[in-house]
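Q: Quick one: this structure, given as structure tokens, is what I'll be asking you about.
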Amino acid sequence: MDEKNIKIVAFLCNWCSYGAADLAGVSRMQYPTDIRVIRIPCTGRLSPKFVLSAFREGADAIWVSG
Amino acid sequence: MITFKINDKEVQGEEGQYLIQVAEKYGIEIPTLCHHKALDPAGMCRICTVELFDGRRTKFVTACNYPIWEGMEIKTETEAVHQGRKLIVEMLYARCPEVPLLKKLAQQYKIETPRFKKEDDDCILCGLCVRMCERMGNSAINFTGRGINLRIDTSLGLQSDVCMACGACASVCPTGHITLEKIKKKFTKQNPFMIPSEYEMGLKGRKPVYVPYAQAVPNTPAIDRDVCMHFKTGGCGVCSDICQMDAIDYTMKDEIIELDAGAVILSPGFKPFDPSKFDNYGYANHPNVMTAMEFERILSASGPTSGHLVRMSDHKEPKKIAWFQCVGSRDMNKCDNKYCSSVCCMYALKEAVIAKEHAGDKLDCTIFYMDMRTHGKDFERYYNRAQDQGVRFVRSRVHTVEPLHDSDDLRITYVTDGGKKVDEIFDMIILSIGLEISPEVVDMAKKLGIELTDGNFAKTSTFKPVETSRKGIFVAGAFQGPKDIPQAVVDSSAAAGEAGAILAESRNTITKIPEIVPETNIIGDRPRIGVFICKCGTNIAGVVNVPEVRDYAATLPFVEYYSDNLYSCSQDTQTTMTQIIKANKLNRIVVAACTPKTHEPLFQETLINAGLNKYLFEMTNIRNHASWVHKDAPALATQKAKDLVRMAVAKVALMEPLKETELQVNQVAMVIGGGISGLSSAKTLAQQGYEVHVVEKDSVLGGQANHLYHTYKDENISVELASLIKDVKSNKNICLHLNTTLENVQGFVGNFKSELLDNHKVSKTLEHGVAIIATGARAFKPEEYLYGKDERIITSLDLDKKFLSKDASLKSIGSAVFIQCVGSREPNRPYCSRVCCTHSIDNALELKKINPEMDIFILYRDIRTYGEREYKYQQAREAGIIFIRYDLDHKPEVDIKNGKIFITVTDHVLGRPILIEADLLTLATAIVPNKDEKLANFFKVPLNEDGFFVERHAKLGPSEFATDGVFLCGLAHYPKPIDEAIAHGQAAASRAVTLLAKETVHTSGNVASVNSMACSSCGVCISICPYSAPSFATQGRFEGRAEINPVLCKGCGLCVASCRSGAIHLKGFDTNQIFAQIFAMNEAV
């Protein structure tokens, strides 16, 4: 974390995108290490407050997928 | 243990270890070119030289073969060491200036041009290949020559049989000196071959130790004894040395296991047809002619080209692809598969559409077909869409594929509908190969003594669609006949249901009940968190620095215990974890390992065994989301793993023990609809010992089957139906409610309350645990083709009626015409009714039986006699029945002149209109759904655009709804013939039994709950919930405030996010818990 300290918070639906992230691992797809995944039961669970607070905590981007 | 120092840091190793092994354990990098952990060290390259201080003086030793001893001091990065290594690299670089590895090393040591004379060798004489060959138990190659002539070669430099072409030497060669090509040309007389990966359809190789595919169950590697060197020479054994769990046992033998079984279900599947014998297609010789199964792999993201659409010969992106249908199906000429394989039209369509999605609209996809058979649910729509998307359809059977000389393209010649000969060039040809039964399965069938059909499928009757000719042996899937996934899933449920019916008495007789560990009450206790970091062998530890993450976890708040495990999911680790939890009085657990989607239940089980509530657990994924996807950035991956662990610890501290609501399942089933599918369902349920109530609005049972004459297998429907009705009526578990309608439904899975109303307006309430919807469908009454204007113009069902009543007038008919697709496959009803082609052909043959002189014409669009129904089509053509094709834009015209019926249709061969006079015109009318919206509302189940019910999953859940406890079968799902309707009924019953047999169901603990004090009764949660879980309380202190039924709640959290008062909490994913994760995300490390 020397030069670029990017943080992307990903809110992933347990049933699809979280599984897809798992599959990306199984398939050994390589991607940058900047993502921190928070598993949620459904994107319906996502309150705007989570997005705002993640930004406030210094996230550079938020990814909601479901 | 031996303690010594590396770079002033104290390290420990075991007696007999070499220095490099200990350094590796501590993550201290020592460069080497000739070391391989599977081989004995040889000290050949000398790059691993380090400085040793033995207490008196320093000297230089090679780390790879220097045994460790107590008290020694090692320096790996001194200036002298660096200079020494640089000199070695410089010399090697001069010897092999073109080898990429040395170029890279030279760059690293800042060597621009070596001071020595450059040579053009590519071997650094590291001897890895020689040692590896020896390890393989073979020693086919060795060092030969002396001094500057030293080289690697076979004995006398001759190609020999000794070299088995295993390729092990090439796999370790660091410079590319030894390649598979070289082995083939210089070393061996044997034929080196790639071990074809079965999963990749041979498009890619695999290793002798392999997991068949990523999702294989069990996901355990196997050794292919036929190609493993250990089984050839007794050598190698590398896998056994490396396996840290000592799991490899070469002495294991195949075992014969005897099982006592009350029923057998055969589901051996099919074998894709092998088109190599068709030399006219050139499949065996041309890489760009491939089977559809191979093409599936090309399209797959996990396939040999990572989903990149290229052809095999030159990895060029194709511009034009052709599919040839019916390769190995509907063919008596070149192979013996007379039947239609049922699935190929649809998969070819799918492949064409996906190929266009991958490669863009410009890709030219052409399907060469005989009849387009898209008779499944929503398939016709897909066909229409494919046409809209520009997939080209050519009705022609291509004879030959001719490779072009100057390119890898392929020329084909075909004849169009209009009789014109066309030459066309394609980049790739995909053969839509059929399904067939392998000789091994035929052999097994012989051993089991079950009868097979002409196509080698297991013989079944229409009324017992999953029962073989031998009692107690059932069949499911493609072995019963070529079929697609939903049909195979239906079959398998049906077979399980029928096997369950004959074994009902022995249910639960050999069940073992696990001991229940009492749950520790932890409410009010300070969190004591245990963190377990998994190495997953080297899967995680190979990238993420696990000890570092573990030590980091120790610094986190409330963490009382931390450790790392080699494999956290192994049986012994589970036992240890249970003990650790108990001994350390841990009350929250974090496991940082793989995915919770597969492993959460396992660890939750461990918590339960340790007396902890299973929800006091959080799993974080440092394998799929870190080590596997960041393999080139170990430091950053370790950082990420730490972050993930910190977030999990922050969340788990806030976890509370959750309760799962236990729910009694009322052991009664209600079947709505007394047609053949509903009755089959009721029969299966009753045979399994459950009370069943059949609700039928009509006064008779049997539904549409009452109007049908016989099946395509010539079975008498009325006789069989009567026998089914007799069985149902005589079964004491079945209660029939005729002339009864369903007026209201309340409740949910396990506890439904339905209000029934009979024709005397007497209402009664039925309490039941499950419901099966089998409300059927009806025949379409057409308005076209002068239907209803003349009594000689009838529907297929009317004709069946004539057969049933043995109508004498049929004998005097001289000419009969059938018109297909009346009301089906039309713009306003874009689905195929599935049964009409077979039905009309069957009826036409029946008319021929009555009067062999009769002229019979069938006017059709595509003949869809799928599976072994195809034989009927062949039989009809042999019997002289004339098939004339029409298309939607040129429908036949019916006219009555002078009391005579005339049909005009444009013949597809002559291209000219022909006039047929008919004594009887039969219209094959569509099957239309009842579109019962009231019923759909009662059970909160959806209807599709056409009015058929929508099942839980189009492929994997064809017999149930997304609503728990409600099941589906028969024509209410989609048009289907009797055998499929019966199998579907049995399948729905079987699915229902999985619920009934449990007697109680546990809902998840991850459900929403309302803090009534904070609720403002706005009703948003009630309006937004897709599962109808929230409602206003009707009594008590909080009357009018929202409450949530935990049984109906699926824990999606939609209401929680929508609640403006913050009154709803989602247990296990509560707001404070997610916030804790967000806040922990960025904490300073």
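Residue numbering restarts at 1 for every chain of the structure tokens, chains are lettered A, B, ... in their displayed order, and ligands are numbered from 1 as they appear.
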When the cut-off is 7 Å and we count only C-alpha atoms, which residues of chain A are near chain B, given as a ChimeraX atom specification?
A: /A:1,21-22,25-33,40-42,44-47,50,54,57
Q: Please report, as a ChimeraX atom specification, each residue of stretch 135-186 of chain B to which DSSP assigns helix (DSSP H, G or I) when run on this structure's backbone.
A: /B:135,147-149,155-157,168-172,180-186
Q: Within 6 Å of A:Phe11, counting only C-alpha atoms, which residues qualify if same-chain residues fewer than 3 places away don't, as a VMD selection string?
A: chain A and resid 38 to 39 64
Q: Between atom CA of B:Ala458 and atom CA of B:Gly202, what is the spacing in Å?
A: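 Separating atom CA of B:Gly202 from atom CA of B:Ala458 is a distance of 29.2 Å.
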Q: Using the chain letters and numbers from this document, which residues of stretch 933-1036 of chain B does DSSP assign to strand (DSSP E), as an NGL selection string?
A: :B and (966-968 or 1000-1002 or 1008-1010 or 1030-1032)
Q: Could you name the residues that touch A:Ala10 at 7 Å or less, counting only C-alpha atoms, but leaving out those on the same chain fewer than 4 positions away, as a short mmCIF file (atom, residue, chain, number, x, y, z; two decimals) with N, CA and C atoms, in the first residue's frame?
A:
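Output below, filename around_28.cif:
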data_model
loop_
_atom_site.label_atom_id
_atom_site.label_comp_id
_atom_site.auth_asym_id
_atom_site.auth_seq_id
_atom_site.Cartn_x
_atom_site.Cartn_y
_atom_site.Cartn_z
N ILE A 35 -10.15 -4.28 -3.62
CA ILE A 35 -11.55 -4.48 -3.26
C ILE A 35 -11.69 -5.15 -1.89
N ARG A 36 -12.61 -4.63 -1.08
CA ARG A 36 -12.99 -5.28 0.17
C ARG A 36 -14.47 -5.65 0.05
N VAL A 37 -14.73 -6.93 0.12
CA VAL A 37 -16.10 -7.39 -0.11
C VAL A 37 -16.87 -7.46 1.21
N ILE A 38 -18.07 -6.90 1.20
CA ILE A 38 -18.99 -7.09 2.32
C ILE A 38 -20.17 -7.88 1.79
N ILE A 62 -17.60 2.69 -4.47
CA ILE A 62 -18.48 1.66 -3.90
C ILE A 62 -19.03 0.86 -5.06
N TRP A 63 -19.03 -0.42 -4.89
CA TRP A 63 -19.59 -1.27 -5.94
C TRP A 63 -20.73 -2.08 -5.32
N VAL A 64 -21.91 -1.87 -5.87
CA VAL A 64 -23.06 -2.64 -5.40
C VAL A 64 -23.44 -3.59 -6.51
#
